[in-house]
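Next comes model_2.cif, a file with mmCIF, C-alpha atoms and all ligand atoms.
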```
data_coords
loop_
_atom_site.label_atom_id
_atom_site.label_comp_id
_atom_site.auth_asym_id
_atom_site.auth_seq_id
_atom_site.Cartn_x
_atom_site.Cartn_y
_atom_site.Cartn_z
CA MET L 1 -40.76 19.29 22.40
CA LYS L 2 -40.87 15.70 21.22
CA ILE L 3 -42.25 15.21 17.71
CA ASP L 4 -44.86 12.48 17.96
CA THR L 5 -45.68 11.53 14.38
CA LYS L 6 -48.31 9.02 15.46
CA LEU L 7 -50.56 11.32 17.47
CA MET L 8 -49.48 14.90 16.83
CA HIS L 9 -51.46 16.86 14.22
CA PRO L 10 -49.49 17.48 10.99
CA ARG L 11 -49.67 21.25 11.66
CA ASP L 12 -47.78 20.80 14.94
CA GLN L 13 -45.30 18.33 13.50
CA ILE L 14 -44.48 20.84 10.76
CA ILE L 15 -44.15 23.78 13.18
CA HIS L 16 -41.79 21.85 15.50
CA THR L 17 -39.70 20.58 12.61
CA ILE L 18 -39.40 23.95 10.91
CA ASN L 19 -38.29 25.47 14.23
CA ARG L 20 -35.54 22.88 14.56
CA ILE L 21 -34.42 23.51 11.01
CA TYR L 22 -34.57 27.30 11.17
CA TYR L 23 -33.03 27.77 14.61
CA HIS L 24 -30.33 25.27 13.73
CA GLY L 25 -29.14 27.33 10.75
CA LEU L 26 -30.42 24.88 8.15
CA THR L 27 -32.75 27.24 6.30
CA THR L 28 -33.26 30.96 5.75
CA THR L 29 -36.39 32.81 6.85
CA THR L 30 -38.31 32.22 3.64
CA GLY L 31 -36.33 29.44 1.94
CA GLY L 32 -37.33 25.80 2.27
CA ASN L 33 -40.63 24.05 2.82
CA ILE L 34 -42.08 21.01 4.58
CA SER L 35 -45.13 18.89 3.91
CA VAL L 36 -46.91 15.87 5.37
CA ILE L 37 -49.53 13.74 3.62
CA ASP L 38 -52.15 12.24 5.95
CA GLY L 39 -54.30 9.11 5.75
CA ASN L 40 -57.03 11.05 3.87
CA GLY L 41 -54.60 12.03 1.12
CA ASP L 42 -54.65 15.68 2.31
CA ILE L 43 -51.27 17.43 2.11
CA TRP L 44 -50.31 19.82 4.94
CA VAL L 45 -47.67 22.25 3.77
CA THR L 46 -45.80 25.38 4.87
CA PRO L 47 -47.11 28.61 3.34
CA SER L 48 -45.31 30.61 0.66
CA GLY L 49 -43.09 33.51 1.73
CA ILE L 50 -43.97 33.56 5.44
CA ASP L 51 -41.32 34.11 8.16
CA LYS L 52 -40.06 30.70 9.35
CA GLY L 53 -39.02 32.18 12.68
CA SER L 54 -42.59 32.97 13.76
CA LEU L 55 -44.77 30.43 11.97
CA ARG L 56 -47.96 29.51 13.88
CA ARG L 57 -50.01 26.34 13.49
CA GLU L 58 -52.81 28.35 11.79
CA ASP L 59 -50.37 29.40 9.07
CA ILE L 60 -49.96 25.84 7.82
CA MET L 61 -51.90 25.30 4.60
CA VAL L 62 -53.77 22.18 3.54
CA VAL L 63 -54.34 21.00 -0.01
CA ARG L 64 -57.15 18.45 0.15
CA SER L 65 -57.00 15.29 -1.93
CA ASP L 66 -59.56 16.83 -4.35
CA GLY L 67 -57.26 19.85 -4.88
CA THR L 68 -59.17 22.34 -2.66
CA VAL L 69 -56.80 24.71 -0.86
CA GLU L 70 -57.57 25.84 2.71
CA GLY L 71 -55.79 28.33 4.96
CA PRO L 72 -54.91 32.03 5.19
CA HIS L 73 -51.97 32.08 2.74
CA LYS L 74 -50.77 30.45 -0.44
CA PRO L 75 -49.19 26.96 -0.22
CA SER L 76 -45.43 26.84 -0.74
CA SER L 77 -44.43 27.73 -4.31
CA GLU L 78 -42.62 24.38 -4.41
CA PHE L 79 -45.86 22.49 -3.74
CA PRO L 80 -45.79 20.94 -7.26
CA PHE L 81 -42.71 18.85 -6.49
CA HIS L 82 -44.02 17.79 -3.07
CA LYS L 83 -47.19 16.58 -4.81
CA ALA L 84 -45.18 14.89 -7.58
CA ILE L 85 -43.16 12.95 -4.98
CA TYR L 86 -46.30 11.74 -3.16
CA ASP L 87 -47.95 10.77 -6.47
CA ASN L 88 -44.97 8.62 -7.42
CA ARG L 89 -44.01 7.20 -4.02
CA PRO L 90 -46.97 6.09 -1.87
CA ASP L 91 -44.51 4.98 0.85
CA ILE L 92 -43.33 8.57 1.39
CA LYS L 93 -45.46 10.49 3.90
CA ALA L 94 -43.32 13.59 4.57
CA VAL L 95 -41.04 15.81 2.48
CA ILE L 96 -38.46 18.40 3.53
CA HIS L 97 -36.85 20.82 1.08
CA ALA L 98 -34.30 23.46 2.05
CA HIS L 99 -31.11 25.24 1.06
CA PRO L 100 -28.77 24.29 3.95
CA PRO L 101 -25.33 25.82 3.29
CA ALA L 102 -23.15 22.71 3.05
CA LEU L 103 -25.53 20.76 0.81
CA VAL L 104 -25.95 23.86 -1.35
CA SER L 105 -22.15 23.86 -1.72
CA PHE L 106 -22.39 20.34 -3.14
CA SER L 107 -25.35 21.38 -5.29
CA ILE L 108 -23.47 24.31 -6.89
CA VAL L 109 -20.41 22.22 -7.76
CA HIS L 110 -22.67 19.43 -9.05
CA THR L 111 -21.37 16.79 -6.64
CA ILE L 112 -22.98 14.32 -4.24
CA PRO L 113 -21.67 13.94 -0.66
CA ASP L 114 -20.16 10.58 0.26
CA THR L 115 -22.18 9.20 3.18
CA ASN L 116 -19.53 6.53 3.89
CA VAL L 117 -17.60 9.07 5.99
CA ILE L 118 -19.52 8.11 9.16
CA PRO L 119 -21.04 4.72 9.99
CA GLN L 120 -24.77 5.39 10.33
CA ALA L 121 -25.20 7.88 7.48
CA LYS L 122 -25.30 5.46 4.57
CA ASN L 123 -28.17 3.49 6.07
CA ILE L 124 -30.09 6.56 7.17
CA CYS L 125 -29.72 8.58 3.98
CA GLY L 126 -29.67 5.71 1.47
CA PRO L 127 -28.12 6.34 -1.95
CA ILE L 128 -28.16 10.05 -2.86
CA GLY L 129 -29.89 11.07 -6.09
CA TYR L 130 -29.31 14.11 -8.31
CA ALA L 131 -32.00 16.13 -10.10
CA PRO L 132 -31.12 18.50 -12.99
CA TYR L 133 -31.94 22.20 -12.74
CA GLU L 134 -35.36 23.60 -13.67
CA LEU L 135 -37.22 26.80 -12.85
CA PRO L 136 -38.26 26.86 -9.14
CA GLY L 137 -41.96 26.14 -8.64
CA SER L 138 -42.37 24.69 -12.14
CA GLN L 139 -43.98 21.39 -13.04
CA LEU L 140 -40.79 20.56 -14.97
CA LEU L 141 -38.79 20.75 -11.72
CA GLY L 142 -41.46 18.53 -10.13
CA ASN L 143 -41.05 16.02 -12.95
CA ASN L 144 -37.24 15.97 -12.61
CA ILE L 145 -37.42 15.36 -8.87
CA ALA L 146 -40.24 12.81 -9.04
CA LYS L 147 -38.26 10.87 -11.65
CA VAL L 148 -35.33 10.47 -9.24
CA PHE L 149 -37.58 9.54 -6.31
CA LYS L 150 -39.26 6.96 -8.55
CA GLU L 151 -35.87 5.24 -8.82
CA ALA L 152 -36.18 4.63 -5.04
CA TYR L 153 -33.95 7.50 -3.87
CA ASN L 154 -35.08 9.18 -0.63
CA ALA L 155 -32.59 12.05 -0.68
CA VAL L 156 -31.90 14.14 -3.77
CA ILE L 157 -29.42 16.95 -4.44
CA MET L 158 -31.13 19.55 -6.65
CA GLU L 159 -28.69 21.06 -9.15
CA ASN L 160 -27.90 24.72 -8.31
CA HIS L 161 -30.72 24.79 -5.77
CA GLY L 162 -30.61 22.65 -2.61
CA VAL L 163 -31.81 19.33 -1.29
CA VAL L 164 -35.08 17.45 -0.96
CA VAL L 165 -35.63 14.41 1.26
CA GLY L 166 -38.61 12.15 1.83
CA GLY L 167 -39.46 9.93 4.77
CA THR L 168 -41.99 7.44 6.07
CA ASP L 169 -42.90 10.22 8.49
CA LEU L 170 -41.57 13.66 9.36
CA LYS L 171 -39.13 12.33 11.98
CA ASP L 172 -37.65 9.97 9.43
CA ALA L 173 -37.33 12.79 6.88
CA PHE L 174 -35.79 15.18 9.44
CA GLN L 175 -33.23 12.62 10.55
CA ARG L 176 -32.22 12.00 6.91
CA PHE L 177 -32.02 15.73 6.16
CA GLU L 178 -29.96 16.54 9.26
CA THR L 179 -27.60 13.57 8.81
CA LEU L 180 -26.96 14.39 5.14
CA GLU L 181 -26.18 18.05 5.89
CA PHE L 182 -23.89 16.83 8.69
CA CYS L 183 -22.00 14.61 6.23
CA ALA L 184 -21.67 17.54 3.84
CA ARG L 185 -20.31 19.84 6.58
CA THR L 186 -17.90 17.19 7.81
CA ILE L 187 -16.54 16.59 4.31
CA ILE L 188 -16.08 20.31 3.62
CA ASN L 189 -14.33 20.88 6.99
CA ALA L 190 -12.22 17.77 6.45
CA LYS L 191 -11.10 18.85 2.99
CA THR L 192 -10.04 22.19 4.47
CA ILE L 193 -7.53 20.46 6.76
CA GLY L 194 -6.53 17.31 4.85
CA SER L 195 -7.82 14.49 2.70
CA VAL L 196 -10.96 12.55 3.50
CA LYS L 197 -10.89 8.84 4.28
CA SER L 198 -14.17 6.97 3.92
CA LEU L 199 -15.30 3.74 5.50
CA SER L 200 -15.59 0.67 3.31
CA ASP L 201 -19.00 -0.97 2.98
CA GLU L 202 -17.57 -3.84 5.10
CA ASP L 203 -16.68 -1.40 7.91
CA ILE L 204 -20.21 -0.02 7.84
CA GLU L 205 -21.60 -3.54 7.87
CA SER L 206 -19.44 -4.38 10.90
CA PHE L 207 -20.91 -1.36 12.69
CA GLU L 208 -24.51 -2.17 11.75
CA SER L 209 -24.20 -5.84 12.58
CA GLN L 210 -23.03 -5.26 16.14
CA ILE L 211 -26.10 -6.92 17.58
CA PRO L 212 -26.45 -5.36 21.00
CA VAL L 213 -25.63 -8.21 23.36
CA LEU L 214 -28.35 -7.31 25.81
CA GLN L 215 -27.61 -7.42 29.47
CA PRO L 216 -30.10 -9.38 31.56
CA GLU L 217 -33.09 -7.40 32.79
CA GLN L 218 -33.48 -6.29 36.40
CA ASP L 219 -36.25 -8.10 38.31
CA HIS L 220 -37.26 -5.03 40.17
CA VAL L 221 -36.49 -1.38 39.37
CA GLU L 222 -36.42 1.56 41.73
CA TYR L 223 -36.32 5.22 40.85
CA PRO L 224 -35.08 7.12 43.90
CA SER L 225 -34.73 10.90 43.65
CA ASP L 226 -30.98 10.86 42.95
CA GLU L 227 -31.63 8.47 40.04
CA ARG L 228 -34.34 10.80 38.68
CA GLU L 229 -32.00 13.76 39.02
CA ILE L 230 -29.49 12.06 36.70
CA ARG L 231 -32.26 11.14 34.25
CA GLN L 232 -33.15 14.84 34.04
CA GLN L 233 -29.52 15.91 33.64
CA ILE L 234 -28.93 13.49 30.78
CA THR L 235 -32.13 14.57 29.01
CA ASN L 236 -31.16 18.24 29.36
CA ILE L 237 -27.62 17.70 28.08
CA VAL L 238 -28.77 15.70 25.05
CA ARG L 239 -31.20 18.47 24.12
CA ARG L 240 -28.56 21.12 24.65
CA ALA L 241 -26.02 19.18 22.60
CA CYS L 242 -28.51 18.99 19.71
CA GLN L 243 -29.31 22.69 19.98
CA GLN L 244 -25.64 23.68 20.08
CA GLY L 245 -24.78 21.55 17.04
CA MET L 246 -22.77 19.10 19.16
CA MET L 247 -25.01 16.09 18.38
CA ILE L 248 -27.36 15.03 15.58
CA SER L 249 -30.57 12.96 15.76
CA SER L 250 -28.99 9.81 14.44
CA TYR L 251 -25.94 9.36 16.68
CA GLY L 252 -24.62 10.06 20.16
CA THR L 253 -24.65 8.55 23.63
CA VAL L 254 -24.60 10.21 27.03
CA SER L 255 -24.17 8.39 30.33
CA CYS L 256 -23.72 9.38 33.95
CA ARG L 257 -22.58 7.34 36.95
CA TRP L 258 -25.24 6.80 39.60
CA ARG L 259 -23.94 4.67 42.51
CA ASN L 260 -20.76 2.59 42.51
CA ASN L 261 -20.53 1.19 38.97
CA ASP L 262 -24.24 1.64 38.26
CA PHE L 263 -25.14 4.30 35.71
CA LEU L 264 -27.81 5.73 33.46
CA ILE L 265 -27.42 5.87 29.68
CA THR L 266 -29.30 7.02 26.59
CA PRO L 267 -31.18 4.37 24.59
CA THR L 268 -30.55 3.02 21.11
CA ASN L 269 -32.78 3.95 18.16
CA VAL L 270 -34.48 7.00 19.66
CA LEU L 271 -33.90 10.30 17.82
CA ARG L 272 -31.66 12.33 20.11
CA TRP L 273 -33.76 15.48 19.76
CA ASP L 274 -36.75 13.55 21.09
CA ILE L 275 -35.23 11.82 24.11
CA THR L 276 -37.39 12.12 27.25
CA LEU L 277 -36.98 10.99 30.88
CA ASP L 278 -38.69 7.69 30.16
CA ASP L 279 -36.22 6.77 27.38
CA ILE L 280 -33.14 6.83 29.63
CA VAL L 281 -31.99 3.33 30.64
CA GLN L 282 -30.87 2.44 34.16
CA ILE L 283 -27.99 -0.07 34.41
CA ARG L 284 -27.72 -1.61 37.90
CA ASP L 285 -25.39 -4.49 38.79
CA GLY L 286 -24.76 -4.95 35.06
CA LYS L 287 -28.48 -5.42 34.44
CA ARG L 288 -30.70 -3.16 32.36
CA GLU L 289 -34.07 -1.67 33.08
CA PRO L 290 -36.67 -4.15 31.74
CA GLY L 291 -37.99 -3.53 28.23
CA LYS L 292 -35.38 -0.93 27.33
CA VAL L 293 -32.39 -1.17 25.00
CA PRO L 294 -29.38 0.94 25.96
CA SER L 295 -26.96 2.46 23.43
CA ARG L 296 -24.76 -0.04 21.59
CA SER L 297 -21.75 1.48 23.34
CA VAL L 298 -23.08 0.54 26.82
CA TRP L 299 -20.28 -2.00 27.23
CA LEU L 300 -17.63 0.69 26.71
CA HIS L 301 -19.29 2.99 29.24
CA GLN L 302 -19.46 0.17 31.82
CA GLU L 303 -15.76 -0.60 31.30
CA ILE L 304 -14.74 3.02 31.69
CA TYR L 305 -16.75 3.43 34.92
CA ARG L 306 -15.26 0.20 36.33
CA LYS L 307 -11.71 1.17 35.50
CA HIS L 308 -11.82 4.89 36.32
CA PRO L 309 -13.55 5.75 39.61
CA GLU L 310 -12.84 9.46 39.02
CA ILE L 311 -14.91 9.51 35.81
CA ASN L 312 -18.58 10.16 36.45
CA SER L 313 -19.91 11.03 33.01
CA ILE L 314 -19.21 10.21 29.36
CA ILE L 315 -20.37 11.76 26.09
CA LEU L 316 -19.84 10.02 22.76
CA THR L 317 -20.93 12.16 19.83
CA GLN L 318 -20.32 13.54 16.34
CA SER L 319 -19.74 17.25 15.82
CA PRO L 320 -18.80 18.75 12.46
CA TYR L 321 -15.31 20.12 13.23
CA LEU L 322 -14.04 17.34 15.50
CA MET L 323 -15.24 14.88 12.87
CA ALA L 324 -13.13 16.70 10.27
CA PHE L 325 -10.14 15.43 12.29
CA GLY L 326 -11.84 12.06 12.67
CA VAL L 327 -12.26 11.52 8.94
CA THR L 328 -8.84 12.82 7.87
CA GLY L 329 -6.73 11.42 10.71
CA GLU L 330 -5.00 14.84 10.95
CA LYS L 331 -3.41 15.53 14.34
CA PHE L 332 -5.79 17.44 16.62
CA ASP L 333 -3.27 19.73 18.29
CA VAL L 334 -4.94 21.50 21.22
CA ARG L 335 -1.91 23.62 22.11
CA THR L 336 -3.82 26.51 20.57
CA ILE L 337 -4.93 28.64 23.51
CA PRO L 338 -4.54 27.97 27.26
CA GLU L 339 -8.22 27.02 27.69
CA SER L 340 -8.03 24.28 25.06
CA TRP L 341 -4.92 22.66 26.48
CA ILE L 342 -6.09 22.89 30.11
CA PHE L 343 -9.42 21.26 29.25
CA LEU L 344 -8.14 18.59 26.90
CA GLN L 345 -4.38 18.10 27.15
CA ASP L 346 -3.61 15.80 24.24
CA VAL L 347 -6.37 14.13 22.24
CA PRO L 348 -5.29 10.93 20.47
CA ILE L 349 -7.06 9.42 17.44
CA VAL L 350 -7.90 5.71 17.68
CA PRO L 351 -8.92 3.41 14.78
CA PHE L 352 -12.52 2.83 13.72
CA GLY L 353 -14.04 0.00 15.74
CA SER L 354 -12.04 0.75 18.91
CA HIS L 355 -15.35 1.31 20.70
CA PHE L 356 -16.92 -2.00 19.70
CA LYS L 357 -17.73 -4.54 22.39
CA GLY L 358 -14.71 -6.31 23.80
CA LYS L 359 -12.11 -3.75 22.62
CA LYS L 360 -10.00 -2.51 25.55
CA ILE L 361 -8.05 0.23 23.79
CA ILE L 362 -10.21 3.18 24.89
CA PRO L 363 -10.69 2.24 28.59
CA GLU L 364 -6.91 1.69 28.76
CA LEU L 365 -6.00 4.90 26.97
CA ILE L 366 -8.28 7.24 28.94
CA SER L 367 -6.54 8.80 31.94
CA LYS L 368 -6.25 12.02 33.91
CA ASP L 369 -4.06 13.36 31.09
CA ILE L 370 -6.22 11.98 28.28
CA PRO L 371 -9.87 12.80 29.02
CA ALA L 372 -10.96 12.66 25.35
CA VAL L 373 -10.27 10.56 22.25
CA ILE L 374 -11.34 10.83 18.63
CA ILE L 375 -12.52 7.56 17.06
CA GLU L 376 -11.67 7.54 13.34
CA ASN L 377 -14.70 7.98 11.04
CA ASP L 378 -16.97 7.56 14.02
CA SER L 379 -17.14 9.99 16.90
CA VAL L 380 -15.42 11.78 19.74
CA LEU L 381 -15.54 10.40 23.28
CA VAL L 382 -15.22 12.85 26.16
CA THR L 383 -15.07 11.96 29.86
CA GLY L 384 -15.25 14.02 33.04
CA ASP L 385 -16.59 14.35 36.53
CA LYS L 386 -19.94 16.21 36.48
CA LEU L 387 -21.94 15.90 33.26
CA LEU L 388 -21.92 19.66 32.69
CA GLN L 389 -18.13 19.66 32.99
CA THR L 390 -17.90 16.90 30.39
CA PHE L 391 -20.20 18.84 28.09
CA ASP L 392 -18.09 21.98 28.57
CA ARG L 393 -15.01 19.94 27.66
CA LEU L 394 -16.77 18.73 24.50
CA GLU L 395 -17.65 22.32 23.57
CA VAL L 396 -14.06 23.43 24.11
CA ALA L 397 -12.90 20.55 21.90
CA GLU L 398 -15.32 21.43 19.11
CA PHE L 399 -14.43 25.13 19.29
CA SER L 400 -10.72 24.26 19.15
CA ALA L 401 -11.31 22.04 16.13
CA LYS L 402 -13.27 24.86 14.50
CA SER L 403 -10.50 27.41 15.14
CA LEU L 404 -7.86 25.06 13.74
CA THR L 405 -9.98 24.49 10.63
CA MET L 406 -10.69 28.19 10.17
CA ALA L 407 -6.99 29.00 10.68
CA LYS L 408 -5.95 26.72 7.84
CA PRO L 409 -6.43 29.26 4.99
CA ILE L 410 -4.75 32.12 6.92
CA GLY L 411 -1.58 30.53 8.25
CA GLN L 412 0.26 27.75 10.10
CA LEU L 413 -0.61 26.92 13.70
CA GLN L 414 1.99 28.49 16.00
CA ALA L 415 1.48 26.12 18.93
CA ILE L 416 2.09 27.09 22.56
CA GLY L 417 5.60 25.87 23.46
CA ASP L 418 6.61 23.09 25.88
CA LYS L 419 7.78 25.56 28.53
CA GLU L 420 4.45 27.42 28.48
CA VAL L 421 2.53 24.14 28.55
CA GLU L 422 4.52 23.03 31.59
CA ALA L 423 3.64 26.31 33.33
CA LEU L 424 -0.06 25.71 32.54
CA ARG L 425 0.23 22.21 34.01
CA GLN L 426 1.80 23.55 37.19
CA LYS L 427 -0.76 26.28 37.66
CA PHE L 428 -4.02 24.60 36.56
CA LEU L 429 -3.66 20.83 36.72
CA ASN L 430 -1.64 20.12 39.86
ZN ZN L 501 -35.91 25.91 -2.87
#
```
Show me the file's structure as structure tokens.
Amino acid sequence: MKIDTKLMHPRDQIIHTINRIYYHGLTTTTGGNISVIDGNGDIWVTPSGIDKGSLRREDIMVVRSDGTVEGPHKPSSEFPFHKAIYDNRPDIKAVIHAHPPALVSFSIVHTIPDTNVIPQAKNICGPIGYAPYELPGSQLLGNNIAKVFKEAYNAVIMENHGVVVGGTDLKDAFQRFETLEFCARTIINAKTIGSVKSLSDEDIESFESQIPVLQPEQDHVEYPSDEREIRQQITNIVRRACQQGMMISSYGTVSCRWRNNDFLITPTNVLRWDITLDDIVQIRDGKREPGKVPSRSVWLHQEIYRKHPEINSIILTQSPYLMAFGVTGEKFDVRTIPESWIFLQDVPIVPFGSHFKGKKIIPELISKDIPAVIIENDSVLVTGDKLLQTFDRLEVAEFSAKSLTMAKPIGQLQAIGDKEVEALRQKFLN
């Protein structure tokens, strides 16, 4: 369900967010806690020691602005640091704390993840702070964390403990939390297979300053049933990609050809978990649906559809194992198992910025034999016929990247030989 921070009650916002975090492997059953402060100064917070997998809206506790506690349980034992953050930062309205595995890895080696590995992370996470260890639940821990937040940090690694992030609302906090854990996972996977290359601040600026050159608006829009069918398919695939760990809130574009070179595409600046039918943007005769802003990569999608009539859907996304190849530049050799090679053939890596407006490299590189490319420090782009087929191809790519990464400590890849590959080509691709 979409998290509507404007109209949804804090209880429901917290329940939906905790579900995303728990069922996405970002917290244990009892670890981690979430709070929201409302316009009355009341703080809504997860209860202490209650199963995150079956939390109901009635379980959420409220600590009124006068200190009165209401609800059937005890507020989270970490309530003191939530309160300390709100006391010191009136602009912060939601706080998420958890022990997600990759950020805990950074926390236990006393290091901060470098958010310059992918383009949007630095702006979303901001500079990352570091709070020294103190006893969990203590006022001293609250003081340590509040001190770092007071220095204008919105995301803080807690020494030998975990992470805490704040946001202007719960969506903002969730996006920051998820993006930071994604950076941490990407860096750890990348260091397993090679050495990490980061973007310069100028590269990130060049990404952020790509002002979407907006196509003209259509005068009159129609939504026939086949158009609506595609809208539904895109919405379903985006949700599924988020659930399967193939996309995060802050990045990713899905498009699908409609008629001729007309297509539908996901919007810019909408959290991917929350995309609904109404957010999808119709592009007809090179014109956009009025009032909507398509993904920044709309130009690239249009070029690919024009140039490749056999391609009917495109997914551009970040996933934690493919991005390990993207940030190291290591060769992504898919001659691992027959499935991987049949689905992907060879996957080249192209330089950062190859997907910016006006660059022809990707539309020219994509072919029947090259259905996917990795864009350095940015994303993976996968093409195909039906959208589900393209998604399947993306999953195969991510699984292959994961197997290659996991194989690294146990031995060298023994790739399938040329003769065997030729036999696969004959049997499955001709
Ligand atoms: Zn904790």
request  = Write out as an MDAnalysis selection string the residues lying within 8 Å of L:Asn88, counting only C-alpha atoms and excluding same-chain residues fewer than 6 positions away.
outcome  = chainID L and resid 146 149:150
task = List all protein, DNA and RNA residues that have at least one atom no more than 8 Å from any atom of ligand ZN 501 (chain L), counting all atoms listed in the file, and write them as number ranges by chain.
result = L: 31-33, 78, 97-99, 136, 161-163
Please, could you write that set of residues out with C-alpha atoms as a CSV table (one decimal), in the coordinates of the input?
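This is the output file selection_7.csv:
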```csv
chain,number,residue,atom,x,y,z
L,31,GLY,CA,-36.3,29.4,1.9
L,32,GLY,CA,-37.3,25.8,2.3
L,33,ASN,CA,-40.6,24.0,2.8
L,78,GLU,CA,-42.6,24.4,-4.4
L,97,HIS,CA,-36.8,20.8,1.1
L,98,ALA,CA,-34.3,23.5,2.0
L,99,HIS,CA,-31.1,25.2,1.1
L,136,PRO,CA,-38.3,26.9,-9.1
L,161,HIS,CA,-30.7,24.8,-5.8
L,162,GLY,CA,-30.6,22.6,-2.6
L,163,VAL,CA,-31.8,19.3,-1.3
```
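Using only C-alpha atoms, the contacts of L:Val327 at a cut-off of 7 Å, with sequence neighbours closer than 2 positions omitted, comprise Val117, Ala190, Val196, Lys197, Met323, Ala324, Phe325, Gly329, Glu376 and Asn377 of chain L.
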Selected residues written out with C-alpha atoms, as a PDB file, in the coordinates of the input:
```pdb
ATOM      1  CA  VAL L 117     -17.600   9.070   5.990  1.00  0.00           C
ATOM      2  CA  ALA L 190     -12.220  17.770   6.450  1.00  0.00           C
ATOM      3  CA  VAL L 196     -10.960  12.550   3.500  1.00  0.00           C
ATOM      4  CA  LYS L 197     -10.890   8.840   4.280  1.00  0.00           C
ATOM      5  CA  MET L 323     -15.240  14.880  12.870  1.00  0.00           C
ATOM      6  CA  ALA L 324     -13.130  16.700  10.270  1.00  0.00           C
ATOM      7  CA  PHE L 325     -10.140  15.430  12.290  1.00  0.00           C
ATOM      8  CA  GLY L 329      -6.730  11.420  10.710  1.00  0.00           C
ATOM      9  CA  GLU L 376     -11.670   7.540  13.340  1.00  0.00           C
ATOM     10  CA  ASN L 377     -14.700   7.980  11.040  1.00  0.00           C
TER      11      ASN L 377
END
```
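In terms of minimum interatomic distance to L:Asn312, L:Thr390 ranks closest within L:Thr328, L:Asn143, L:Thr390, L:Thr179, counting all atoms listed in the file.
When all atoms listed in the file are used to measure the gap to L:Asn269, the shortest distance among L:Gln233, L:Ser138, L:Gln175, L:Ser403 belongs to L:Gln175.
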Each stretch 204-296 of chain L residue no farther than 12 Å from stretch 4-11 of chain L, nearest pair in Å, all atoms listed in the file, as JSON lines:
```
{"residue": "L:Val270", "atom": "CA", "partner": "L:Asp4", "partner_atom": "CA", "distance": 11.9}
{"residue": "L:Leu271", "atom": "CA", "partner": "L:Asp4", "partner_atom": "CA", "distance": 11.2}
{"residue": "L:Trp273", "atom": "CA", "partner": "L:Asp4", "partner_atom": "CA", "distance": 11.6}
{"residue": "L:Asp274", "atom": "CA", "partner": "L:Asp4", "partner_atom": "CA", "distance": 8.8}
{"residue": "L:Ile275", "atom": "CA", "partner": "L:Asp4", "partner_atom": "CA", "distance": 11.4}
{"residue": "L:Thr276", "atom": "CA", "partner": "L:Asp4", "partner_atom": "CA", "distance": 11.9}
```
